[in-house]
Amino acid sequence: MFDEAWPLPPAVTEMDPEALHASLNDEQRAAVMAVDGPVMVVAGAGTGKTKTLTHRAAELLRRGVHASNILVVTFTNDAAGEIRNRLLDMCGSEGEHIVAGTFHSTIFSQILKGYPESKTLKTLGINMEDGPDGDRCAILSQNDSSKYLRQAFSELSEDDQIQIEHNDWSQKRFEKELTIARAKGLDVLDYSATIRQGQDDALFKRILARAWGRYTDICREHNGIDFDDILVVAAKMLRQEPHIARELGERFQYIMLDEYQDTNRVQMNIMDAIAEGHGNIFMVGDEKQGIYGFRGADTHIFLTVRQRHPGVRLFELPRNYRSGAGIIRHSNALAKAMPQKLSDGQLLAESKAAAREPSVVDFADAEAEARVVVEGIRKRIAAGAQGAEIAVLYRNRSLKMQLEREMIRQNIPFMVVGDKSFYERAEVRDAIALLRFIFKNRAQEDGYRVLKCTRMGLSDERAKKQYMDRNIDVARLLDQMAEERLTQGKKVDGAYPLKDSATKIAPFVGLREALRECVHYGDDPAFVREVLGALWDRYLRPKLALAASRSKEPNADAVFEAQVANVATVFERFEQGLKNGQTVADIFDNFTLMEQDSNESERERMARVRLMTIHASKGLEFPTVFIIGLDSKAMPGTEQEALIDEERRILYVAMTRAQNELIMTYSNSRLEFGQRAQVGASPFLEEIESVTRVPRRYYPHHRDPGNNGGGNHGRGLTN
DNA sequence: GAGGGTCTTATTTTT
DNA sequence: TAAGACCCTC
């Protein structure tokens with residue numbers, strides 16, 4: 001293919017490797033040039049991991065590998081997007097056909113959708129065929145799946161219910177176990193087989209297995225598959241139908257996996273199965289940054305790579321270009337305390353930026369901590385810093401309460417990153433429910449949701465009852481009601497008043513039909529969106545407007561505006577999907593797979609200070625980082641001995657986000673569930689200080705460091 | 001069918 | 001504290 005529209009950089013395929021990789025350091029280059037067989041790169045924080053990954057892809061292209069034979073897999077859409085962009089920058093149109101995506105999206109599209117005739121899928125009752133009616137199995141949102149799981153539990157036998165009640169087992173606890181089990185690649189049967197008579201938790205597991213079985217059925221009834229199941233089913237396909245794995249291996253000659261330390265068993269099994277034929281698997285990660293154990297990630301997979309891939313070539317990238325020397329010294333001190341590492345895990349500071357010495361500050365209470373941190377932020381912004389250059393990180397959300405209050409009080413713009421995902425917002429879910437109810441067959445749940453938020457004169461409860469009693473689904477029920485006599489009651493002014501069904505339901509049903517036909521016959525997507533907008537205005541908007549007018553919030557208007565804009569975004573995306581020729585089912589899958597993009601101006605975005613959990617900060621970097629709430633209860637955020645190592649890694653991730661400035665704080669007293677709790681400093685701080693010998697600071701007065709942790713703070717600090 | 005009151009329960013979370 | 005689930009009344 002020729003692309004003559006604009007001048008391209010010299011084609012990667014024609015470049016001299018020296019020139020192509022001139023910007024790499026020796027270790028990076030070595031990893032990049034090792035293209036064949038299993039390769040693992042231990043890439044510490046800020047050592048150019050993504051750069052190495054993209055250069056390696058370019059090197060493959062240079063050696064004549066076709067782009068579509070390269071597969072790059074990451075964890076988040078953000079990371080996948082970043083890699084795609086960097087590939088485009090570097091390789092131009094040559095890189096375009098490299099398949100780069102998240103585990104879930106690539107496995108769904110390449111494996112499940114790629115082999116709809118698979119026997120395994122047939123046996124499981126999963127239809128991946130793209131039919132005209134959009135009846136292909138769709139990805140369930142988190143919301144839907146936990147709803148179905150709740151339903152499954154509610155349908156358990158009375159005995160089971162009593163046991164659950166008696167033992168005080170929460171749904172959450174079951175859900176957690178379910179995630180962990182499926183991260184290992186187990187399905188219900190595999191899981192049941194692991195239950196041993198007489199085991200402590202045998203009853204718990206057996207009850208889970210029963211609910212799990214029912215849950216899977218419910219998902220199928222709704223023609224859906226949840227996130228975890230995408231992986232479990234794909235792994236099963238590859239196991240039971242080895243020809244699929246072989247074919248995929250031929251298609252994807254080179255596989256690259258990002259964030260390998262956060263891989264779980266199923267993900268590992270799937271990728272190993274595809275790579276089995278050629279063994280060209282490239283794994284990048286940092287065992288010191290594995291922080292997703294709670295959802296089944298297993299750092300053990302990273303540490304034992306040599307056993308699974310004998311002859312794997314190991315490379316280490318020790319040069320950190322991100323952080324100042326002091327920050328590296330502090331981070332290294334913490335790394336030293338980590339028991340399980342492939343190497344000593346010490347980074348080399350290469351950053352040339354002027355950086356300050358990190359500090360650890362002790363406060364009497366969380367209010368003082370928040371006030372002083374925000375004052376510090378204000379000073380930095382006054383001195384010319386952009387809000388977006390400053391991040392405040394915390395172990396859990398409850399730690400940010402005081403901080404948010406102070407940010408508002410001191411009038412500093414901020415954004416809470418990953419606060420609520422776009423698709424979790426009520427109005428967005430309403431809009432999507434409306435779309436699905438209109439365009440998808442068998443969208444029962446969506447129908448109920450639409451009824452709930454439209455006041456059409458038919459309640460979701462009544463519709464549910466009709467479904468139970470007479471097996472009439474929402475769509476048919478509405479059709480029937482629209483056809484019923486249109487008038488009711490006594491004459492008013494010489495005419496019979498119109499029934500609700502005439503004024504509300506009939507137009508809705510008419511528009512629904514019209515829209516379905518528009519899409520079916522491929523009419524102008526812009527027109528479709530317009531009609532959708534009209535539908536929303538009439539049926540859904542009034543409820544939001546009402547809520548806004550009643551709200552006591554000072555910014556209710558702004559909230560309403562934002563909600564309206566969000567819904568517009570959903571419809572725009574739908575239109576865009578149609579324009580791109582996607583099927584309705586594809587568009588809906590993307591709704592569940594993709595994250596939002598903000599419609600705020602770049603300038604506004606840059607002015608906002610970033611508040612986020614440490615987990616959300618992974619992979620990011622900021623000139624100035626505050627880590628707050630480093631007290632003994634929040635960090636480690638668990639009392640379980642076995643989980644302490646991961647907690648340490650979490651703090652390590654947080655510290656290594658900082659480029660020039662790192663300020664770590666905690667307070668001796670803070671609110672916990674509305675109660676004031678006395679806490680001490682995180683033990684991790686001592687692990688750091690015992691190496692760095694940088695003295696802790698105390699606010700507002702200077703106390704004797706040896707006197708720390710006595711708990712007698714919070715009074716008499718005016719000094 | 002809607003909206004208001006009470007009760008309950010508290011990591012981390014992406015897909 | 002504070003958000004969500006659930007129930008109950010108008």
# chains A, B, ... in the order shown; residues from 1 in each chain; ligands from 1
$ residues_around --residues "DA2 of chain C" --least-positions-apart "4" --cutoff "12 Å" --atoms "only C-alpha atoms (C1' of nucleotides)" --output "mmCIF file with N, CA and C atoms (P, O5', C5', C4', C3', O3' and C1' of nucleotides), in the first residue's frame"
data_model
loop_
_atom_site.group_PDB
_atom_site.id
_atom_site.type_symbol
_atom_site.label_atom_id
_atom_site.label_comp_id
_atom_site.auth_asym_id
_atom_site.auth_seq_id
_atom_site.Cartn_x
_atom_site.Cartn_y
_atom_site.Cartn_z
ATOM 1 N N SER A 398 -11.112 6.950 50.993
ATOM 2 C CA SER A 398 -11.598 7.648 52.183
ATOM 3 C C SER A 398 -10.571 8.666 52.682
ATOM 4 N N MET A 401 -11.030 12.670 51.602
ATOM 5 C CA MET A 401 -12.146 13.532 51.991
ATOM 6 C C MET A 401 -11.742 14.926 52.427
ATOM 7 N N GLU A 672 -12.341 7.894 60.831
ATOM 8 C CA GLU A 672 -12.501 6.594 60.189
ATOM 9 C C GLU A 672 -13.931 6.142 60.452
ATOM 10 N N PHE A 673 -14.715 6.015 59.414
ATOM 11 C CA PHE A 673 -16.132 5.704 59.555
ATOM 12 C C PHE A 673 -16.810 6.667 60.506
ATOM 13 N N GLY A 674 -16.426 7.944 60.405
ATOM 14 C CA GLY A 674 -17.061 8.948 61.231
ATOM 15 C C GLY A 674 -16.530 9.014 62.653
ATOM 16 P P DT B 8 -29.831 -2.778 60.061
ATOM 17 O "O5'" DT B 8 -28.632 -2.806 59.034
ATOM 18 C "C5'" DT B 8 -28.867 -3.225 57.687
ATOM 19 C "C4'" DT B 8 -27.640 -2.948 56.862
ATOM 20 C "C3'" DT B 8 -26.324 -3.290 57.567
ATOM 21 O "O3'" DT B 8 -25.542 -4.039 56.663
ATOM 22 C "C1'" DT B 8 -26.241 -1.091 56.728
ATOM 23 P P DT B 9 -24.508 -5.091 57.211
ATOM 24 O "O5'" DT B 9 -23.185 -4.677 56.433
ATOM 25 C "C5'" DT B 9 -23.264 -4.265 55.072
ATOM 26 C "C4'" DT B 9 -22.236 -3.208 54.804
ATOM 27 C "C3'" DT B 9 -20.927 -3.408 55.581
ATOM 28 O "O3'" DT B 9 -19.846 -3.508 54.691
ATOM 29 C "C1'" DT B 9 -21.635 -1.177 55.699
ATOM 30 P P DA B 10 -18.686 -4.553 55.007
ATOM 31 O "O5'" DA B 10 -17.380 -3.880 54.486
ATOM 32 C "C5'" DA B 10 -17.081 -2.677 55.218
ATOM 33 C "C4'" DA B 10 -16.947 -1.684 54.145
ATOM 34 C "C3'" DA B 10 -15.577 -1.092 54.154
ATOM 35 O "O3'" DA B 10 -15.379 -0.560 52.903
ATOM 36 C "C1'" DA B 10 -17.113 0.449 55.014
#
$ interface_residues --of "chain A" --to "chain B" --cutoff "10 Å" --atoms "only C-alpha atoms (C1' of nucleotides)" --output "compact mmCIF listing (two decimals) with all heavy atoms, in the first residue's frame"
# COMPACT_ATOMS: atom_id res chain seq x y z
N PHE A 75 -2.72 -3.78 29.70
CA PHE A 75 -3.82 -3.96 30.63
C PHE A 75 -4.94 -2.96 30.47
O PHE A 75 -6.10 -3.28 30.62
CB PHE A 75 -3.31 -3.92 32.07
CG PHE A 75 -2.88 -5.26 32.52
CD1 PHE A 75 -1.62 -5.72 32.21
CD2 PHE A 75 -3.74 -6.10 33.18
CE1 PHE A 75 -1.22 -6.99 32.57
CE2 PHE A 75 -3.36 -7.37 33.54
CZ PHE A 75 -2.10 -7.82 33.24
N THR A 76 -4.58 -1.72 30.18
CA THR A 76 -5.61 -0.70 30.12
C THR A 76 -5.72 -0.13 28.72
O THR A 76 -4.79 -0.21 27.92
CB THR A 76 -5.30 0.47 31.08
OG1 THR A 76 -4.10 1.10 30.63
CG2 THR A 76 -5.15 -0.01 32.49
N ASN A 77 -6.87 0.44 28.46
CA ASN A 77 -7.07 1.10 27.17
C ASN A 77 -6.10 2.26 27.01
O ASN A 77 -5.62 2.51 25.91
CB ASN A 77 -8.50 1.61 27.08
CG ASN A 77 -9.47 0.48 26.81
OD1 ASN A 77 -9.33 -0.24 25.85
ND2 ASN A 77 -10.42 0.31 27.70
N THR A 102 -5.99 -4.25 24.78
CA THR A 102 -5.97 -4.83 26.12
C THR A 102 -6.18 -6.33 26.02
O THR A 102 -6.63 -6.84 24.99
CB THR A 102 -7.11 -4.25 26.97
OG1 THR A 102 -8.35 -4.62 26.36
CG2 THR A 102 -7.02 -2.75 27.07
N PHE A 103 -5.88 -7.02 27.09
CA PHE A 103 -6.13 -8.46 27.14
C PHE A 103 -7.57 -8.75 26.73
O PHE A 103 -7.83 -9.60 25.88
CB PHE A 103 -5.88 -9.01 28.54
CG PHE A 103 -4.46 -9.45 28.76
CD1 PHE A 103 -3.60 -8.68 29.52
CD2 PHE A 103 -4.00 -10.61 28.20
CE1 PHE A 103 -2.28 -9.08 29.72
CE2 PHE A 103 -2.69 -11.02 28.39
CZ PHE A 103 -1.83 -10.26 29.16
N HIS A 104 -8.48 -8.04 27.39
CA HIS A 104 -9.88 -8.36 27.15
C HIS A 104 -10.32 -8.07 25.72
O HIS A 104 -10.97 -8.89 25.10
CB HIS A 104 -10.77 -7.64 28.15
CG HIS A 104 -10.66 -8.20 29.53
ND1 HIS A 104 -9.66 -7.84 30.39
CD2 HIS A 104 -11.40 -9.12 30.17
CE1 HIS A 104 -9.80 -8.52 31.51
NE2 HIS A 104 -10.85 -9.31 31.41
N SER A 105 -9.95 -6.90 25.22
CA SER A 105 -10.44 -6.57 23.88
C SER A 105 -9.79 -7.44 22.82
O SER A 105 -10.47 -7.89 21.89
CB SER A 105 -10.26 -5.08 23.57
OG SER A 105 -8.90 -4.80 23.38
N SER A 141 -21.63 -5.38 31.29
CA SER A 141 -20.96 -4.38 32.13
C SER A 141 -20.84 -4.95 33.54
O SER A 141 -21.56 -5.87 33.92
CB SER A 141 -21.78 -3.10 32.16
OG SER A 141 -22.96 -3.32 32.90
N GLN A 142 -19.95 -4.36 34.30
CA GLN A 142 -19.77 -4.78 35.69
C GLN A 142 -21.10 -4.75 36.44
O GLN A 142 -21.42 -5.65 37.21
CB GLN A 142 -18.77 -3.83 36.36
CG GLN A 142 -18.36 -4.24 37.74
CD GLN A 142 -17.58 -5.54 37.72
OE1 GLN A 142 -18.13 -6.61 37.93
NE2 GLN A 142 -16.30 -5.44 37.42
N ASP A 226 -19.39 -12.11 30.78
CA ASP A 226 -18.77 -11.06 31.59
C ASP A 226 -17.26 -11.02 31.34
O ASP A 226 -16.71 -11.86 30.64
CB ASP A 226 -19.11 -11.24 33.08
CG ASP A 226 -18.42 -12.45 33.69
OD1 ASP A 226 -17.37 -12.88 33.19
OD2 ASP A 226 -18.95 -12.98 34.68
N PHE A 227 -16.61 -10.03 31.92
CA PHE A 227 -15.19 -9.79 31.64
C PHE A 227 -14.33 -11.00 31.95
O PHE A 227 -13.51 -11.42 31.13
CB PHE A 227 -14.70 -8.59 32.43
CG PHE A 227 -15.14 -7.28 31.86
CD1 PHE A 227 -15.91 -6.41 32.60
CD2 PHE A 227 -14.79 -6.91 30.57
CE1 PHE A 227 -16.33 -5.20 32.07
CE2 PHE A 227 -15.19 -5.71 30.02
CZ PHE A 227 -15.97 -4.85 30.78
N ASP A 228 -14.50 -11.55 33.13
CA ASP A 228 -13.67 -12.69 33.52
C ASP A 228 -13.88 -13.89 32.61
O ASP A 228 -12.95 -14.60 32.26
CB ASP A 228 -13.98 -13.11 34.97
CG ASP A 228 -13.51 -12.07 35.97
OD1 ASP A 228 -12.66 -11.24 35.60
OD2 ASP A 228 -14.00 -12.08 37.10
N ILE A 230 -14.69 -13.98 29.53
CA ILE A 230 -14.06 -13.84 28.20
C ILE A 230 -12.76 -14.61 28.22
O ILE A 230 -12.46 -15.40 27.31
CB ILE A 230 -13.80 -12.36 27.88
CG1 ILE A 230 -15.12 -11.63 27.66
CG2 ILE A 230 -12.92 -12.22 26.64
CD1 ILE A 230 -14.95 -10.13 27.46
N ILE A 291 0.80 -4.85 41.77
CA ILE A 291 -0.12 -4.35 42.80
C ILE A 291 -1.56 -4.81 42.57
O ILE A 291 -2.49 -4.23 43.11
CB ILE A 291 -0.09 -2.81 42.86
CG1 ILE A 291 -0.43 -2.21 41.50
CG2 ILE A 291 1.26 -2.31 43.34
CD1 ILE A 291 -0.59 -0.68 41.54
N TYR A 292 -1.75 -5.82 41.74
CA TYR A 292 -3.12 -6.26 41.48
C TYR A 292 -3.40 -7.68 41.94
O TYR A 292 -4.26 -8.36 41.38
CB TYR A 292 -3.46 -6.07 39.99
CG TYR A 292 -3.75 -4.63 39.66
CD1 TYR A 292 -2.80 -3.83 39.03
CD2 TYR A 292 -4.96 -4.05 40.03
CE1 TYR A 292 -3.06 -2.50 38.74
CE2 TYR A 292 -5.23 -2.73 39.76
CZ TYR A 292 -4.28 -1.95 39.11
OH TYR A 292 -4.56 -0.64 38.85
N GLY A 293 -2.70 -8.10 42.98
CA GLY A 293 -2.93 -9.43 43.52
C GLY A 293 -4.37 -9.64 43.92
O GLY A 293 -4.92 -10.73 43.76
N PHE A 294 -5.01 -8.62 44.42
CA PHE A 294 -6.38 -8.76 44.91
C PHE A 294 -7.37 -9.11 43.81
O PHE A 294 -8.49 -9.51 44.07
CB PHE A 294 -6.83 -7.50 45.63
CG PHE A 294 -6.94 -6.29 44.73
CD1 PHE A 294 -8.12 -6.00 44.11
CD2 PHE A 294 -5.84 -5.46 44.52
CE1 PHE A 294 -8.23 -4.90 43.28
CE2 PHE A 294 -5.94 -4.36 43.69
CZ PHE A 294 -7.15 -4.09 43.06
N ARG A 295 -6.97 -8.94 42.57
CA ARG A 295 -7.88 -9.38 41.52
C ARG A 295 -7.26 -10.52 40.71
O ARG A 295 -7.59 -10.73 39.55
CB ARG A 295 -8.29 -8.21 40.63
CG ARG A 295 -7.17 -7.61 39.83
CD ARG A 295 -7.74 -6.61 38.83
NE ARG A 295 -6.82 -6.40 37.74
CZ ARG A 295 -6.54 -5.23 37.22
NH1 ARG A 295 -7.13 -4.16 37.67
NH2 ARG A 295 -5.70 -5.13 36.22
N ARG A 395 -3.79 5.82 49.39
CA ARG A 395 -4.00 4.38 49.35
C ARG A 395 -5.46 4.03 49.09
O ARG A 395 -5.76 3.09 48.39
CB ARG A 395 -3.53 3.75 50.67
CG ARG A 395 -3.80 2.26 50.81
CD ARG A 395 -2.99 1.48 49.79
NE ARG A 395 -3.24 0.05 49.88
CZ ARG A 395 -4.23 -0.57 49.25
NH1 ARG A 395 -5.09 0.13 48.51
NH2 ARG A 395 -4.38 -1.86 49.35
N ASN A 396 -6.35 4.76 49.74
CA ASN A 396 -7.77 4.49 49.49
C ASN A 396 -8.57 5.78 49.48
O ASN A 396 -8.13 6.81 49.98
CB ASN A 396 -8.33 3.49 50.50
CG ASN A 396 -8.40 4.08 51.89
OD1 ASN A 396 -9.04 5.09 52.12
ND2 ASN A 396 -7.74 3.44 52.83
N ARG A 397 -9.73 5.71 48.91
CA ARG A 397 -10.52 6.91 48.66
C ARG A 397 -10.91 7.67 49.90
O ARG A 397 -11.06 8.89 49.87
CB ARG A 397 -11.78 6.55 47.88
CG ARG A 397 -11.49 6.23 46.44
CD ARG A 397 -12.72 5.68 45.75
NE ARG A 397 -12.30 5.04 44.52
CZ ARG A 397 -11.95 5.71 43.43
NH1 ARG A 397 -12.02 7.03 43.42
NH2 ARG A 397 -11.55 5.08 42.36
N SER A 398 -11.11 6.95 50.99
CA SER A 398 -11.60 7.65 52.18
C SER A 398 -10.57 8.67 52.68
O SER A 398 -10.91 9.61 53.37
CB SER A 398 -11.93 6.64 53.29
OG SER A 398 -10.74 6.09 53.82
N GLY A 418 -10.29 8.78 37.68
CA GLY A 418 -10.92 7.46 37.83
C GLY A 418 -11.99 7.44 38.89
O GLY A 418 -12.31 6.40 39.43
N LYS A 452 -38.12 2.81 34.13
CA LYS A 452 -37.84 3.43 35.42
C LYS A 452 -37.54 4.92 35.27
O LYS A 452 -37.84 5.70 36.15
CB LYS A 452 -36.64 2.74 36.06
CG LYS A 452 -36.95 2.22 37.46
CD LYS A 452 -35.70 1.65 38.09
CE LYS A 452 -36.07 0.49 38.99
NZ LYS A 452 -35.00 -0.45 39.18
N ARG A 455 -41.10 7.63 33.09
CA ARG A 455 -42.48 7.90 33.45
C ARG A 455 -43.38 7.78 32.24
O ARG A 455 -43.97 8.76 31.80
CB ARG A 455 -42.66 9.34 33.94
CG ARG A 455 -41.72 9.78 34.98
CD ARG A 455 -42.27 11.09 35.37
NE ARG A 455 -41.40 11.78 36.27
CZ ARG A 455 -41.82 12.83 36.93
NH1 ARG A 455 -43.04 13.27 36.76
NH2 ARG A 455 -41.01 13.43 37.75
N GLY A 457 -45.88 5.78 32.12
CA GLY A 457 -47.19 5.29 32.51
C GLY A 457 -47.21 3.79 32.66
O GLY A 457 -48.26 3.17 32.81
N LEU A 458 -46.03 3.20 32.57
CA LEU A 458 -45.90 1.77 32.81
C LEU A 458 -44.69 1.61 33.72
O LEU A 458 -43.61 2.09 33.40
CB LEU A 458 -45.67 1.03 31.49
CG LEU A 458 -45.26 -0.45 31.60
CD1 LEU A 458 -46.36 -1.28 32.20
CD2 LEU A 458 -44.87 -0.98 30.23
N SER A 459 -44.88 0.98 34.86
CA SER A 459 -43.75 0.86 35.78
C SER A 459 -42.98 -0.42 35.48
O SER A 459 -43.52 -1.37 34.91
CB SER A 459 -44.25 0.81 37.22
OG SER A 459 -44.83 -0.45 37.48
N ASP A 460 -41.72 -0.40 35.86
CA ASP A 460 -40.90 -1.58 35.61
C ASP A 460 -41.44 -2.77 36.40
O ASP A 460 -41.40 -3.91 35.93
CB ASP A 460 -39.44 -1.31 35.92
CG ASP A 460 -39.23 -0.88 37.36
OD1 ASP A 460 -40.08 -0.12 37.86
OD2 ASP A 460 -38.24 -1.30 37.97
N GLU A 461 -42.01 -2.50 37.58
CA GLU A 461 -42.56 -3.58 38.39
C GLU A 461 -43.70 -4.29 37.65
O GLU A 461 -43.78 -5.51 37.62
CB GLU A 461 -43.07 -3.04 39.73
CG GLU A 461 -41.98 -2.55 40.66
CD GLU A 461 -40.97 -3.64 41.01
OE1 GLU A 461 -41.36 -4.82 41.07
OE2 GLU A 461 -39.78 -3.29 41.20
N ARG A 462 -44.54 -3.47 37.06
CA ARG A 462 -45.68 -4.04 36.36
C ARG A 462 -45.20 -4.85 35.15
O ARG A 462 -45.70 -5.93 34.86
CB ARG A 462 -46.61 -2.92 35.91
CG ARG A 462 -48.08 -3.34 35.91
CD ARG A 462 -48.94 -2.13 35.63
NE ARG A 462 -49.67 -2.28 34.38
CZ ARG A 462 -50.13 -1.25 33.68
NH1 ARG A 462 -49.92 -0.01 34.10
NH2 ARG A 462 -50.80 -1.46 32.58
N THR A 592 -18.76 -1.00 26.48
CA THR A 592 -18.30 -1.66 27.70
C THR A 592 -16.79 -1.76 27.77
O THR A 592 -16.21 -1.81 28.84
CB THR A 592 -18.92 -3.06 27.85
OG1 THR A 592 -19.70 -3.35 26.71
CG2 THR A 592 -19.76 -3.14 29.08
N LEU A 593 -16.14 -1.80 26.62
CA LEU A 593 -14.69 -1.99 26.63
C LEU A 593 -13.91 -0.69 26.71
O LEU A 593 -12.77 -0.67 27.15
CB LEU A 593 -14.25 -2.74 25.36
CG LEU A 593 -14.46 -4.25 25.36
CD1 LEU A 593 -14.17 -4.82 23.98
CD2 LEU A 593 -13.58 -4.92 26.40
N MET A 594 -14.54 0.40 26.27
CA MET A 594 -13.76 1.63 26.17
C MET A 594 -13.97 2.57 27.34
O MET A 594 -14.99 2.58 27.97
CB MET A 594 -14.13 2.37 24.89
CG MET A 594 -13.42 1.84 23.68
SD MET A 594 -13.73 2.86 22.26
CE MET A 594 -15.10 3.88 22.75
N GLU A 595 -12.99 3.38 27.55
CA GLU A 595 -13.11 4.41 28.57
C GLU A 595 -13.60 5.71 27.94
O GLU A 595 -13.66 5.84 26.73
CB GLU A 595 -11.77 4.62 29.26
CG GLU A 595 -11.63 3.78 30.50
CD GLU A 595 -12.68 4.12 31.54
OE1 GLU A 595 -12.65 5.27 32.02
OE2 GLU A 595 -13.53 3.28 31.86
N THR A 613 -6.07 7.48 43.49
CA THR A 613 -5.51 6.39 44.27
C THR A 613 -4.17 6.02 43.66
O THR A 613 -3.89 6.31 42.50
CB THR A 613 -6.41 5.14 44.22
OG1 THR A 613 -6.45 4.67 42.88
CG2 THR A 613 -7.80 5.42 44.73
N ILE A 614 -3.35 5.37 44.46
CA ILE A 614 -2.04 4.96 43.95
C ILE A 614 -2.23 4.00 42.78
O ILE A 614 -1.52 4.09 41.78
CB ILE A 614 -1.22 4.29 45.07
CG1 ILE A 614 -0.93 5.33 46.17
CG2 ILE A 614 0.08 3.72 44.52
CD1 ILE A 614 -0.31 4.76 47.42
N HIS A 615 -3.23 3.14 42.88
CA HIS A 615 -3.46 2.20 41.78
C HIS A 615 -3.72 2.93 40.46
O HIS A 615 -3.24 2.52 39.41
CB HIS A 615 -4.64 1.28 42.10
CG HIS A 615 -4.28 0.18 43.05
ND1 HIS A 615 -4.23 0.37 44.41
CD2 HIS A 615 -3.91 -1.10 42.83
CE1 HIS A 615 -3.86 -0.76 44.97
NE2 HIS A 615 -3.65 -1.67 44.05
N ALA A 616 -4.47 4.01 40.56
CA ALA A 616 -4.80 4.75 39.34
C ALA A 616 -3.58 5.47 38.77
O ALA A 616 -3.57 5.87 37.62
CB ALA A 616 -5.91 5.75 39.62
N ALA A 634 -3.60 2.84 57.09
CA ALA A 634 -3.90 2.92 55.66
C ALA A 634 -2.79 2.29 54.83
O ALA A 634 -3.01 1.86 53.71
CB ALA A 634 -4.10 4.38 55.25
N GLY A 637 -2.62 -1.28 54.01
CA GLY A 637 -4.06 -1.19 54.17
C GLY A 637 -4.68 -2.53 54.49
O GLY A 637 -5.83 -2.76 54.16
N THR A 638 -3.92 -3.42 55.09
CA THR A 638 -4.42 -4.74 55.43
C THR A 638 -3.70 -5.22 56.68
O THR A 638 -2.61 -4.75 56.99
CB THR A 638 -4.18 -5.74 54.30
OG1 THR A 638 -4.56 -7.04 54.75
CG2 THR A 638 -2.72 -5.78 53.90
N GLU A 647 1.51 -4.45 49.62
CA GLU A 647 1.31 -3.09 50.12
C GLU A 647 2.59 -2.27 49.95
O GLU A 647 2.56 -1.10 49.59
CB GLU A 647 0.90 -3.12 51.59
CG GLU A 647 -0.44 -3.79 51.83
CD GLU A 647 -1.61 -2.99 51.29
OE1 GLU A 647 -1.63 -1.76 51.49
OE2 GLU A 647 -2.50 -3.58 50.66
N ILE A 650 2.90 -1.20 46.53
CA ILE A 650 1.99 -0.09 46.22
C ILE A 650 2.64 1.24 46.57
O ILE A 650 2.61 2.18 45.77
CB ILE A 650 0.65 -0.28 46.98
CG1 ILE A 650 -0.09 -1.50 46.42
CG2 ILE A 650 -0.22 0.96 46.87
CD1 ILE A 650 -1.29 -1.94 47.23
N GLU A 672 -12.34 7.89 60.83
CA GLU A 672 -12.50 6.59 60.19
C GLU A 672 -13.93 6.14 60.45
O GLU A 672 -14.32 5.96 61.60
CB GLU A 672 -11.49 5.61 60.80
CG GLU A 672 -11.29 4.39 59.96
CD GLU A 672 -10.34 3.41 60.66
OE1 GLU A 672 -10.35 3.35 61.90
OE2 GLU A 672 -9.61 2.71 59.94
N PHE A 673 -14.72 6.01 59.41
CA PHE A 673 -16.13 5.70 59.55
C PHE A 673 -16.81 6.67 60.51
O PHE A 673 -17.60 6.27 61.36
CB PHE A 673 -16.33 4.28 60.07
CG PHE A 673 -15.58 3.25 59.30
CD1 PHE A 673 -15.00 2.17 59.92
CD2 PHE A 673 -15.44 3.37 57.92
CE1 PHE A 673 -14.31 1.22 59.21
CE2 PHE A 673 -14.75 2.42 57.19
CZ PHE A 673 -14.18 1.35 57.83
$ residues_around --residues "Gly387 of chain A" --least-positions-apart "2" --cutoff "7 Å" --atoms "only C-alpha atoms (C1' of nucleotides)" --output "PDB file with C-alpha atoms, in the first residue's frame"
ATOM      1  CA  ILE A 381       0.778  26.992  41.426  1.00  0.00           C
ATOM      2  CA  ALA A 385       3.315  25.268  38.226  1.00  0.00           C
ATOM      3  CA  GLU A 389       1.971  18.763  37.125  1.00  0.00           C
ATOM      4  CA  ILE A 390       0.974  18.048  40.705  1.00  0.00           C
ATOM      5  CA  MET A 606      -4.015  21.250  32.483  1.00  0.00           C
ATOM      6  CA  ALA A 607      -5.028  23.583  35.276  1.00  0.00           C
ATOM      7  CA  ARG A 608      -6.435  20.811  37.425  1.00  0.00           C
ATOM      8  CA  VAL A 609      -4.440  19.163  40.176  1.00  0.00           C
TER       9      VAL A 609
END
$ atom_distance --atom1 "atom CA of Ala475 of chain A" --atom2 "atom CA of Ala514 of chain A"
14.0 Å
$ atom_distance --atom1 "atom CA of Ala275 of chain A" --atom2 "atom CA of Ala234 of chain A"
14.7 Å
$ select_by_dssp --residues "segment 63-244 of chain A" --states "strand (DSSP E or B)" --output "PyMOL selection string"
chain A and resi 70-74+99-102+138-139+224-225
$ atom_distance --atom1 "atom CA of Phe363 of chain A" --atom2 "atom CA of Pro700 of chain A"
7.3 Å
